[in-house]
file start_36.txt (compact mmCIF, N, CA and C atoms)
# COMPACT_ATOMS: atom_id res chain seq x y z
N MET A 1 -26.26 62.98 -40.42
CA MET A 1 -25.58 62.04 -41.29
C MET A 1 -26.43 61.81 -42.51
N GLY A 2 -26.20 60.77 -43.18
CA GLY A 2 -26.92 60.59 -44.42
C GLY A 2 -27.64 59.28 -44.51
N LYS A 3 -27.77 58.85 -45.74
CA LYS A 3 -28.48 57.62 -46.07
C LYS A 3 -27.89 56.41 -45.35
N HIS A 4 -26.58 56.33 -45.20
CA HIS A 4 -25.89 55.20 -44.57
C HIS A 4 -25.40 55.62 -43.20
N ASP A 5 -26.27 55.58 -42.23
CA ASP A 5 -25.96 56.01 -40.87
C ASP A 5 -25.42 54.84 -40.05
N TYR A 6 -24.18 54.40 -40.37
CA TYR A 6 -23.57 53.26 -39.70
C TYR A 6 -22.89 53.69 -38.41
N LYS A 7 -23.08 52.92 -37.36
CA LYS A 7 -22.39 53.20 -36.10
C LYS A 7 -21.01 52.55 -36.09
N PHE A 8 -20.91 51.34 -36.67
CA PHE A 8 -19.65 50.61 -36.69
C PHE A 8 -19.33 50.17 -38.10
N LEU A 9 -18.03 50.09 -38.38
CA LEU A 9 -17.54 49.59 -39.66
C LEU A 9 -16.43 48.58 -39.40
N LEU A 10 -16.33 47.60 -40.24
CA LEU A 10 -15.22 46.66 -40.18
C LEU A 10 -14.29 47.05 -41.32
N VAL A 11 -13.07 47.47 -40.97
CA VAL A 11 -12.13 48.00 -41.95
C VAL A 11 -10.84 47.21 -41.88
N GLU A 12 -10.26 46.89 -43.03
CA GLU A 12 -8.98 46.20 -43.06
C GLU A 12 -7.90 47.11 -42.48
N LYS A 13 -7.00 46.52 -41.73
CA LYS A 13 -5.95 47.26 -41.03
C LYS A 13 -5.16 48.19 -41.96
N SER A 14 -4.89 47.74 -43.18
CA SER A 14 -4.10 48.55 -44.11
C SER A 14 -4.79 49.86 -44.50
N ALA A 15 -6.10 49.96 -44.29
CA ALA A 15 -6.85 51.16 -44.63
C ALA A 15 -6.99 52.13 -43.46
N VAL A 16 -6.48 51.74 -42.29
CA VAL A 16 -6.64 52.56 -41.09
C VAL A 16 -5.44 53.51 -40.96
N PRO A 17 -5.69 54.80 -40.70
CA PRO A 17 -4.59 55.75 -40.54
C PRO A 17 -3.64 55.35 -39.39
N GLU A 18 -2.38 55.66 -39.56
CA GLU A 18 -1.33 55.29 -38.60
C GLU A 18 -1.63 55.77 -37.18
N LYS A 19 -2.18 56.97 -37.03
CA LYS A 19 -2.44 57.48 -35.68
C LYS A 19 -3.47 56.63 -34.94
N LEU A 20 -4.41 56.03 -35.67
CA LEU A 20 -5.38 55.15 -35.04
C LEU A 20 -4.73 53.83 -34.63
N LEU A 21 -3.87 53.30 -35.49
CA LEU A 21 -3.15 52.07 -35.15
C LEU A 21 -2.25 52.28 -33.93
N LYS A 22 -1.62 53.44 -33.87
CA LYS A 22 -0.76 53.75 -32.72
C LYS A 22 -1.58 53.93 -31.44
N THR A 23 -2.81 54.40 -31.57
CA THR A 23 -3.70 54.50 -30.42
C THR A 23 -4.01 53.11 -29.88
N VAL A 24 -4.28 52.16 -30.77
CA VAL A 24 -4.53 50.78 -30.36
C VAL A 24 -3.29 50.22 -29.68
N GLU A 25 -2.11 50.51 -30.21
CA GLU A 25 -0.86 50.04 -29.60
C GLU A 25 -0.68 50.62 -28.20
N ALA A 26 -0.97 51.89 -28.02
CA ALA A 26 -0.86 52.51 -26.70
C ALA A 26 -1.84 51.85 -25.72
N LYS A 27 -3.05 51.54 -26.18
CA LYS A 27 -4.03 50.86 -25.33
C LYS A 27 -3.53 49.46 -24.94
N ARG A 28 -2.89 48.78 -25.87
CA ARG A 28 -2.34 47.45 -25.58
C ARG A 28 -1.23 47.54 -24.54
N ILE A 29 -0.38 48.53 -24.67
CA ILE A 29 0.71 48.74 -23.70
C ILE A 29 0.13 49.03 -22.32
N LEU A 30 -0.88 49.88 -22.26
CA LEU A 30 -1.52 50.21 -20.98
C LEU A 30 -2.18 48.98 -20.35
N ALA A 31 -2.80 48.15 -21.18
CA ALA A 31 -3.51 46.97 -20.67
C ALA A 31 -2.55 45.97 -20.02
N LYS A 32 -1.32 45.95 -20.46
CA LYS A 32 -0.34 45.03 -19.87
C LYS A 32 0.07 45.49 -18.48
N GLY A 33 -0.18 46.75 -18.14
CA GLY A 33 0.03 47.24 -16.78
C GLY A 33 1.39 47.84 -16.50
N ASN A 34 1.47 48.49 -15.35
CA ASN A 34 2.69 49.09 -14.81
C ASN A 34 3.32 50.17 -15.68
N VAL A 35 2.52 50.87 -16.48
CA VAL A 35 3.01 52.02 -17.23
C VAL A 35 1.99 53.14 -17.13
N THR A 36 2.45 54.35 -17.27
CA THR A 36 1.55 55.51 -17.27
C THR A 36 1.08 55.77 -18.69
N ILE A 37 0.08 56.61 -18.82
CA ILE A 37 -0.39 56.99 -20.15
C ILE A 37 0.73 57.69 -20.91
N ASP A 38 1.47 58.55 -20.22
CA ASP A 38 2.59 59.23 -20.88
C ASP A 38 3.60 58.23 -21.45
N GLU A 39 3.93 57.21 -20.68
CA GLU A 39 4.88 56.19 -21.14
C GLU A 39 4.31 55.39 -22.31
N ALA A 40 3.03 55.05 -22.23
CA ALA A 40 2.40 54.25 -23.29
C ALA A 40 2.33 55.01 -24.61
N VAL A 41 1.91 56.27 -24.57
CA VAL A 41 1.80 57.03 -25.81
C VAL A 41 3.18 57.33 -26.40
N LYS A 42 4.16 57.56 -25.54
CA LYS A 42 5.52 57.78 -26.02
C LYS A 42 6.05 56.53 -26.71
N SER A 43 5.82 55.39 -26.09
CA SER A 43 6.27 54.11 -26.65
C SER A 43 5.57 53.82 -27.98
N ALA A 44 4.30 54.19 -28.09
CA ALA A 44 3.54 53.96 -29.32
C ALA A 44 3.84 55.00 -30.39
N GLY A 45 4.42 56.12 -30.00
CA GLY A 45 4.78 57.14 -30.98
C GLY A 45 3.68 58.12 -31.32
N ILE A 46 2.80 58.40 -30.35
CA ILE A 46 1.75 59.40 -30.55
C ILE A 46 1.72 60.35 -29.37
N GLY A 47 0.98 61.44 -29.52
CA GLY A 47 0.80 62.39 -28.43
C GLY A 47 -0.41 62.03 -27.58
N ARG A 48 -0.45 62.61 -26.38
CA ARG A 48 -1.58 62.37 -25.48
C ARG A 48 -2.90 62.81 -26.10
N SER A 49 -2.89 63.94 -26.80
CA SER A 49 -4.14 64.45 -27.39
C SER A 49 -4.70 63.48 -28.43
N THR A 50 -3.83 62.88 -29.23
CA THR A 50 -4.28 61.88 -30.21
C THR A 50 -4.86 60.68 -29.48
N PHE A 51 -4.17 60.23 -28.44
CA PHE A 51 -4.65 59.08 -27.68
C PHE A 51 -6.03 59.36 -27.10
N TYR A 52 -6.21 60.49 -26.44
CA TYR A 52 -7.50 60.81 -25.82
C TYR A 52 -8.60 61.01 -26.86
N LYS A 53 -8.24 61.51 -28.03
CA LYS A 53 -9.22 61.75 -29.07
C LYS A 53 -9.81 60.44 -29.60
N TYR A 54 -8.96 59.40 -29.74
CA TYR A 54 -9.39 58.17 -30.41
C TYR A 54 -9.55 56.95 -29.51
N ARG A 55 -9.14 57.01 -28.26
CA ARG A 55 -9.09 55.81 -27.42
C ARG A 55 -10.43 55.11 -27.24
N ASP A 56 -11.52 55.85 -27.24
CA ASP A 56 -12.83 55.24 -27.05
C ASP A 56 -13.53 54.88 -28.36
N SER A 57 -12.82 55.08 -29.47
CA SER A 57 -13.44 54.85 -30.77
C SER A 57 -12.82 53.73 -31.58
N ILE A 58 -11.68 53.19 -31.16
CA ILE A 58 -11.04 52.14 -31.94
C ILE A 58 -10.61 51.00 -31.03
N PHE A 59 -10.92 49.79 -31.48
CA PHE A 59 -10.61 48.58 -30.72
C PHE A 59 -10.17 47.50 -31.68
N PRO A 60 -9.26 46.63 -31.25
CA PRO A 60 -8.96 45.47 -32.08
C PRO A 60 -10.23 44.63 -32.25
N PHE A 61 -10.37 44.00 -33.39
CA PHE A 61 -11.56 43.20 -33.69
C PHE A 61 -11.86 42.20 -32.59
N TYR A 62 -10.84 41.48 -32.10
CA TYR A 62 -11.07 40.45 -31.11
C TYR A 62 -11.42 41.00 -29.74
N GLU A 63 -11.08 42.24 -29.46
CA GLU A 63 -11.37 42.82 -28.15
C GLU A 63 -12.87 42.96 -27.92
N THR A 64 -13.63 43.07 -28.99
CA THR A 64 -15.08 43.20 -28.84
C THR A 64 -15.73 41.90 -28.40
N ALA A 65 -14.93 40.84 -28.33
CA ALA A 65 -15.46 39.54 -27.92
C ALA A 65 -15.41 39.33 -26.40
N LYS A 66 -14.88 40.28 -25.64
CA LYS A 66 -14.77 40.13 -24.20
C LYS A 66 -16.14 39.95 -23.57
N GLY A 67 -16.24 39.01 -22.64
CA GLY A 67 -17.48 38.78 -21.92
C GLY A 67 -18.52 38.01 -22.71
N LYS A 68 -18.11 37.30 -23.71
CA LYS A 68 -19.02 36.56 -24.57
C LYS A 68 -18.72 35.07 -24.53
N VAL A 69 -19.61 34.30 -25.12
CA VAL A 69 -19.33 32.89 -25.37
C VAL A 69 -18.96 32.79 -26.84
N ILE A 70 -17.82 32.19 -27.10
CA ILE A 70 -17.31 32.07 -28.46
C ILE A 70 -17.14 30.60 -28.77
N THR A 71 -17.55 30.21 -29.97
CA THR A 71 -17.38 28.83 -30.41
C THR A 71 -16.24 28.77 -31.41
N LEU A 72 -15.27 27.91 -31.10
CA LEU A 72 -14.08 27.75 -31.93
C LEU A 72 -14.17 26.41 -32.67
N PHE A 73 -13.65 26.38 -33.88
CA PHE A 73 -13.68 25.16 -34.68
C PHE A 73 -12.27 24.82 -35.13
N PHE A 74 -11.91 23.55 -35.00
CA PHE A 74 -10.57 23.08 -35.37
C PHE A 74 -10.68 21.80 -36.20
N VAL A 75 -9.79 21.65 -37.15
CA VAL A 75 -9.56 20.38 -37.82
C VAL A 75 -8.12 20.01 -37.47
N VAL A 76 -7.96 18.84 -36.86
CA VAL A 76 -6.63 18.43 -36.39
C VAL A 76 -6.29 17.03 -36.88
N GLU A 77 -5.00 16.76 -36.94
CA GLU A 77 -4.53 15.42 -37.23
C GLU A 77 -4.81 14.54 -36.02
N ASP A 78 -5.11 13.30 -36.28
CA ASP A 78 -5.50 12.38 -35.20
C ASP A 78 -4.27 11.74 -34.57
N PHE A 79 -3.65 12.47 -33.65
CA PHE A 79 -2.59 11.86 -32.84
C PHE A 79 -2.66 12.42 -31.43
N SER A 80 -2.11 11.68 -30.51
CA SER A 80 -2.20 12.00 -29.09
C SER A 80 -1.59 13.36 -28.77
N GLY A 81 -2.33 14.14 -27.99
CA GLY A 81 -1.82 15.40 -27.48
C GLY A 81 -2.28 16.65 -28.20
N VAL A 82 -2.88 16.52 -29.37
CA VAL A 82 -3.30 17.72 -30.11
C VAL A 82 -4.38 18.48 -29.35
N LEU A 83 -5.42 17.79 -28.92
CA LEU A 83 -6.49 18.45 -28.16
C LEU A 83 -5.95 19.03 -26.86
N LEU A 84 -5.08 18.29 -26.18
CA LEU A 84 -4.49 18.78 -24.94
C LEU A 84 -3.74 20.09 -25.16
N ASN A 85 -3.00 20.20 -26.26
CA ASN A 85 -2.26 21.42 -26.54
C ASN A 85 -3.18 22.61 -26.83
N ILE A 86 -4.30 22.33 -27.49
CA ILE A 86 -5.28 23.39 -27.72
C ILE A 86 -5.86 23.86 -26.39
N ILE A 87 -6.22 22.91 -25.54
CA ILE A 87 -6.78 23.23 -24.22
C ILE A 87 -5.77 24.02 -23.39
N LYS A 88 -4.51 23.68 -23.47
CA LYS A 88 -3.47 24.43 -22.73
C LYS A 88 -3.43 25.89 -23.18
N GLN A 89 -3.53 26.13 -24.48
CA GLN A 89 -3.52 27.51 -24.98
C GLN A 89 -4.74 28.28 -24.48
N ILE A 90 -5.89 27.62 -24.46
CA ILE A 90 -7.11 28.26 -23.96
C ILE A 90 -6.96 28.54 -22.47
N SER A 91 -6.41 27.60 -21.75
CA SER A 91 -6.18 27.77 -20.31
C SER A 91 -5.19 28.89 -20.03
N ASN A 92 -4.13 28.98 -20.82
CA ASN A 92 -3.12 30.04 -20.64
C ASN A 92 -3.72 31.43 -20.81
N ALA A 93 -4.79 31.53 -21.61
CA ALA A 93 -5.47 32.80 -21.82
C ALA A 93 -6.53 33.06 -20.74
N ASN A 94 -6.71 32.10 -19.81
CA ASN A 94 -7.71 32.18 -18.75
C ASN A 94 -9.14 32.23 -19.27
N ALA A 95 -9.37 31.59 -20.41
CA ALA A 95 -10.74 31.43 -20.91
C ALA A 95 -11.35 30.22 -20.21
N ASN A 96 -12.65 30.26 -20.02
CA ASN A 96 -13.36 29.16 -19.39
C ASN A 96 -14.00 28.28 -20.46
N ILE A 97 -13.63 27.01 -20.50
CA ILE A 97 -14.19 26.09 -21.48
C ILE A 97 -15.60 25.68 -21.02
N VAL A 98 -16.57 25.85 -21.91
CA VAL A 98 -17.96 25.51 -21.63
C VAL A 98 -18.27 24.12 -22.18
N THR A 99 -17.90 23.87 -23.43
CA THR A 99 -18.13 22.57 -24.05
C THR A 99 -16.97 22.18 -24.95
N ILE A 100 -16.77 20.88 -25.11
CA ILE A 100 -15.82 20.34 -26.09
C ILE A 100 -16.53 19.20 -26.81
N ASN A 101 -16.54 19.25 -28.13
CA ASN A 101 -17.10 18.18 -28.94
C ASN A 101 -16.05 17.75 -29.95
N GLN A 102 -15.75 16.45 -29.97
CA GLN A 102 -14.79 15.92 -30.92
C GLN A 102 -15.44 14.80 -31.71
N ASN A 103 -15.34 14.87 -33.02
CA ASN A 103 -15.93 13.84 -33.88
C ASN A 103 -14.95 12.67 -34.05
N ILE A 104 -15.46 11.57 -34.54
CA ILE A 104 -14.65 10.38 -34.82
C ILE A 104 -13.71 10.71 -35.97
N PRO A 105 -12.43 10.34 -35.85
CA PRO A 105 -11.47 10.62 -36.93
C PRO A 105 -11.84 9.92 -38.24
N ILE A 106 -11.67 10.64 -39.33
CA ILE A 106 -11.87 10.09 -40.67
C ILE A 106 -10.64 10.47 -41.49
N SER A 107 -10.00 9.47 -42.08
CA SER A 107 -8.79 9.68 -42.89
C SER A 107 -7.71 10.42 -42.12
N GLY A 108 -7.58 10.13 -40.83
CA GLY A 108 -6.52 10.72 -40.02
C GLY A 108 -6.77 12.13 -39.53
N LEU A 109 -7.98 12.67 -39.78
CA LEU A 109 -8.33 14.02 -39.32
C LEU A 109 -9.60 13.96 -38.49
N THR A 110 -9.69 14.86 -37.53
CA THR A 110 -10.90 14.94 -36.73
C THR A 110 -11.29 16.41 -36.53
N ASP A 111 -12.59 16.66 -36.38
CA ASP A 111 -13.12 18.00 -36.12
C ASP A 111 -13.32 18.15 -34.62
N ILE A 112 -12.97 19.32 -34.12
CA ILE A 112 -13.19 19.63 -32.70
C ILE A 112 -13.89 20.99 -32.62
N THR A 113 -14.92 21.06 -31.82
CA THR A 113 -15.61 22.33 -31.56
C THR A 113 -15.51 22.59 -30.06
N ILE A 114 -15.03 23.78 -29.70
CA ILE A 114 -14.88 24.16 -28.30
C ILE A 114 -15.58 25.51 -28.09
N SER A 115 -16.47 25.57 -27.10
CA SER A 115 -17.09 26.84 -26.72
C SER A 115 -16.42 27.34 -25.46
N ILE A 116 -16.09 28.63 -25.45
CA ILE A 116 -15.42 29.23 -24.30
C ILE A 116 -16.14 30.50 -23.86
N GLU A 117 -16.05 30.79 -22.56
CA GLU A 117 -16.48 32.08 -22.02
C GLU A 117 -15.25 32.97 -21.94
N THR A 118 -15.37 34.20 -22.38
CA THR A 118 -14.21 35.08 -22.48
C THR A 118 -14.10 36.11 -21.36
N ALA A 119 -15.06 36.16 -20.45
CA ALA A 119 -15.11 37.22 -19.44
C ALA A 119 -13.83 37.32 -18.61
N GLY A 120 -13.23 36.21 -18.23
CA GLY A 120 -12.06 36.23 -17.37
C GLY A 120 -10.73 36.20 -18.09
N MET A 121 -10.75 36.36 -19.41
CA MET A 121 -9.51 36.22 -20.17
C MET A 121 -8.50 37.32 -19.85
N THR A 122 -7.24 36.93 -19.78
CA THR A 122 -6.17 37.88 -19.51
C THR A 122 -5.42 38.27 -20.78
N SER A 123 -5.71 37.60 -21.89
CA SER A 123 -5.18 38.00 -23.19
C SER A 123 -6.35 38.02 -24.16
N ASP A 124 -6.18 38.67 -25.31
CA ASP A 124 -7.32 38.74 -26.21
C ASP A 124 -7.43 37.48 -27.07
N ILE A 125 -8.55 37.35 -27.70
CA ILE A 125 -8.84 36.18 -28.52
C ILE A 125 -7.81 36.02 -29.63
N GLY A 126 -7.40 37.13 -30.22
CA GLY A 126 -6.42 37.08 -31.31
C GLY A 126 -5.11 36.47 -30.88
N GLU A 127 -4.62 36.86 -29.70
CA GLU A 127 -3.37 36.29 -29.18
C GLU A 127 -3.54 34.81 -28.92
N MET A 128 -4.66 34.42 -28.33
CA MET A 128 -4.89 33.02 -28.04
C MET A 128 -4.94 32.20 -29.32
N MET A 129 -5.67 32.69 -30.31
CA MET A 129 -5.79 31.98 -31.58
C MET A 129 -4.44 31.90 -32.29
N SER A 130 -3.63 32.92 -32.19
CA SER A 130 -2.29 32.88 -32.80
C SER A 130 -1.46 31.77 -32.17
N GLY A 131 -1.57 31.61 -30.86
CA GLY A 131 -0.85 30.55 -30.17
C GLY A 131 -1.34 29.17 -30.59
N ILE A 132 -2.62 29.06 -30.86
CA ILE A 132 -3.18 27.77 -31.28
C ILE A 132 -2.80 27.46 -32.73
N ARG A 133 -2.79 28.47 -33.58
CA ARG A 133 -2.51 28.25 -35.01
C ARG A 133 -1.15 27.62 -35.29
N VAL A 134 -0.20 27.79 -34.41
CA VAL A 134 1.15 27.26 -34.64
C VAL A 134 1.35 25.86 -34.06
N LEU A 135 0.33 25.30 -33.44
CA LEU A 135 0.46 23.99 -32.82
C LEU A 135 0.64 22.89 -33.87
N GLU A 136 1.46 21.91 -33.51
CA GLU A 136 1.68 20.77 -34.39
C GLU A 136 0.38 19.98 -34.53
N GLY A 137 0.07 19.58 -35.74
CA GLY A 137 -1.11 18.77 -35.99
C GLY A 137 -2.37 19.56 -36.31
N LEU A 138 -2.31 20.87 -36.23
CA LEU A 138 -3.49 21.69 -36.50
C LEU A 138 -3.58 21.96 -38.00
N ARG A 139 -4.72 21.66 -38.58
CA ARG A 139 -4.92 21.89 -40.01
C ARG A 139 -5.80 23.11 -40.28
N ARG A 140 -6.75 23.38 -39.38
CA ARG A 140 -7.69 24.49 -39.56
C ARG A 140 -8.09 25.01 -38.20
N CYS A 141 -8.28 26.33 -38.10
CA CYS A 141 -8.60 26.96 -36.83
C CYS A 141 -9.41 28.22 -37.14
N GLU A 142 -10.63 28.32 -36.60
CA GLU A 142 -11.42 29.51 -36.86
C GLU A 142 -12.45 29.75 -35.75
N ILE A 143 -12.94 30.97 -35.71
CA ILE A 143 -14.03 31.32 -34.80
C ILE A 143 -15.32 31.10 -35.58
N LEU A 144 -16.16 30.24 -35.04
CA LEU A 144 -17.43 29.94 -35.72
C LEU A 144 -18.51 30.93 -35.36
N GLU A 145 -18.60 31.29 -34.07
CA GLU A 145 -19.75 32.06 -33.62
C GLU A 145 -19.42 32.79 -32.33
N ARG A 146 -20.09 33.92 -32.15
CA ARG A 146 -20.04 34.68 -30.90
C ARG A 146 -21.45 34.93 -30.42
N GLU A 147 -21.67 34.75 -29.14
CA GLU A 147 -23.01 35.01 -28.58
C GLU A 147 -22.97 36.28 -27.77

call {"tool": "encode", "arguments": {"input": "start_36.txt", "output": "structure tokens"}}
result
Amino acid sequence: MGKHDYKFLLVEKSAVPEKLLKTVEAKRILAKGNVTIDEAVKSAGIGRSTFYKYRDSIFPFYETAKGKVITLFFVVEDFSGVLLNIIKQISNANANIVTINQNIPISGLTDITISIETAGMTSDIGEMMSGIRVLEGLRRCEILERE
């Protein structure tokens, strides 16, 4: 290789060739279970050879967080049930909550920091965060840190 011998790159989805995106889709279909590789690649619209060529080289960004402790940060409106709904989404993903810190509300908003273990999760972080982002009362939602 050359001067820039990078092992990993972070690339925007729009810059990734279609066959690689379809490989990720086939992997997602397989992960949900009860399908063969033939069925998954057919459903994703690629051939088996493409799937086998790229399957160990491309992963969704959030998939690399499996088996880690992740700290999530939220800004929420101060009304009853907002934190409970966030916790339900985390629970539905089978993440293990390690810590929860909630600050005193100021001007009707409060900050919440939640650390979770991802080892036992049955869905990926991206799916879980998407479910949280649509909750009523949520103003901000982000991943602060991964260990």

call {"tool": "atom_distance", "arguments": {"input": "start_36.txt", "atom1": "atom CA of Arg48 of chain A", "atom2": "atom CA of Lys32 of chain A"}}
result
18.3 Å

call {"tool": "closest_residue", "arguments": {"input": "start_36.txt", "among": "A:Val35, A:Ala93, A:Val98, A:Ile87", "to": "Leu135 of chain A", "atoms": "only C-alpha atoms"}}
result
A:Ile87

call {"tool": "closest_residue", "arguments": {"input": "start_36.txt", "among": "A:Leu84, A:Ala26, A:Ile90, A:Leu20", "to": "Ile58 of chain A", "atoms": "only N, CA and C atoms"}}
result
A:Leu20

call {"tool": "closest_residue", "arguments": {"input": "start_36.txt", "among": "A:Val16, A:Val76, A:Val24, A:Val11", "to": "Arg140 of chain A", "atoms": "all atoms listed in the file"}}
result
A:Val76

call {"tool": "residues_around", "arguments": {"input": "start_36.txt", "residues": "segment 123-126 of chain A", "least_positions_apart": "4", "cutoff": "12 Å", "atoms": "only C-alpha atoms", "output": "JSON, numbers by chain"}}
result
{"A": [28, 31, 32, 59, 60, 61, 62, 63, 64, 65, 66, 67, 68, 69, 70, 71, 72, 89, 90, 91, 92, 93, 94, 95, 116, 117, 118, 119, 130, 131, 132, 133, 141, 142, 143, 146]}

call {"tool": "closest_residue", "arguments": {"input": "start_36.txt", "among": "A:Asp78, A:Glu12, A:Asp5, A:Glu39", "to": "Ile104 of chain A", "atoms": "only C-alpha atoms"}}
result
A:Asp78

call {"tool": "closest_residue", "arguments": {"input": "start_36.txt", "among": "A:Ile29, A:Ile114, A:Val82, A:Ile100", "to": "Ala44 of chain A", "atoms": "only C-alpha atoms"}}
result
A:Ile29

call {"tool": "atom_distance", "arguments": {"input": "start_36.txt", "atom1": "atom C of Ile112 of chain A", "atom2": "atom CA of Leu10 of chain A"}}
result
26.8 Å

call {"tool": "residues_around", "arguments": {"input": "start_36.txt", "residues": "Val75 of chain A", "least_positions_apart": "2", "cutoff": "6 Å", "atoms": "all atoms listed in the file", "output": "PyMOL selection string"}}
result
chain A and resi 73+77+110-112+137-141

call {"tool": "atom_distance", "arguments": {"input": "start_36.txt", "atom1": "atom C of Asp56 of chain A", "atom2": "atom N of Lys27 of chain A"}}
result
11.2 Å

call {"tool": "select_by_dssp", "arguments": {"input": "start_36.txt", "residues": "chain A", "states": "alpha helix (DSSP H)", "output": "ChimeraX atom specification"}}
result
/A:18-32,37-44,48-54,82-92,125-133

call {"tool": "closest_residue", "arguments": {"input": "start_36.txt", "among": "A:Thr36, A:Ser43, A:Thr99, A:Thr113", "to": "Phe74 of chain A", "atoms": "all atoms listed in the file"}}
result
A:Thr113
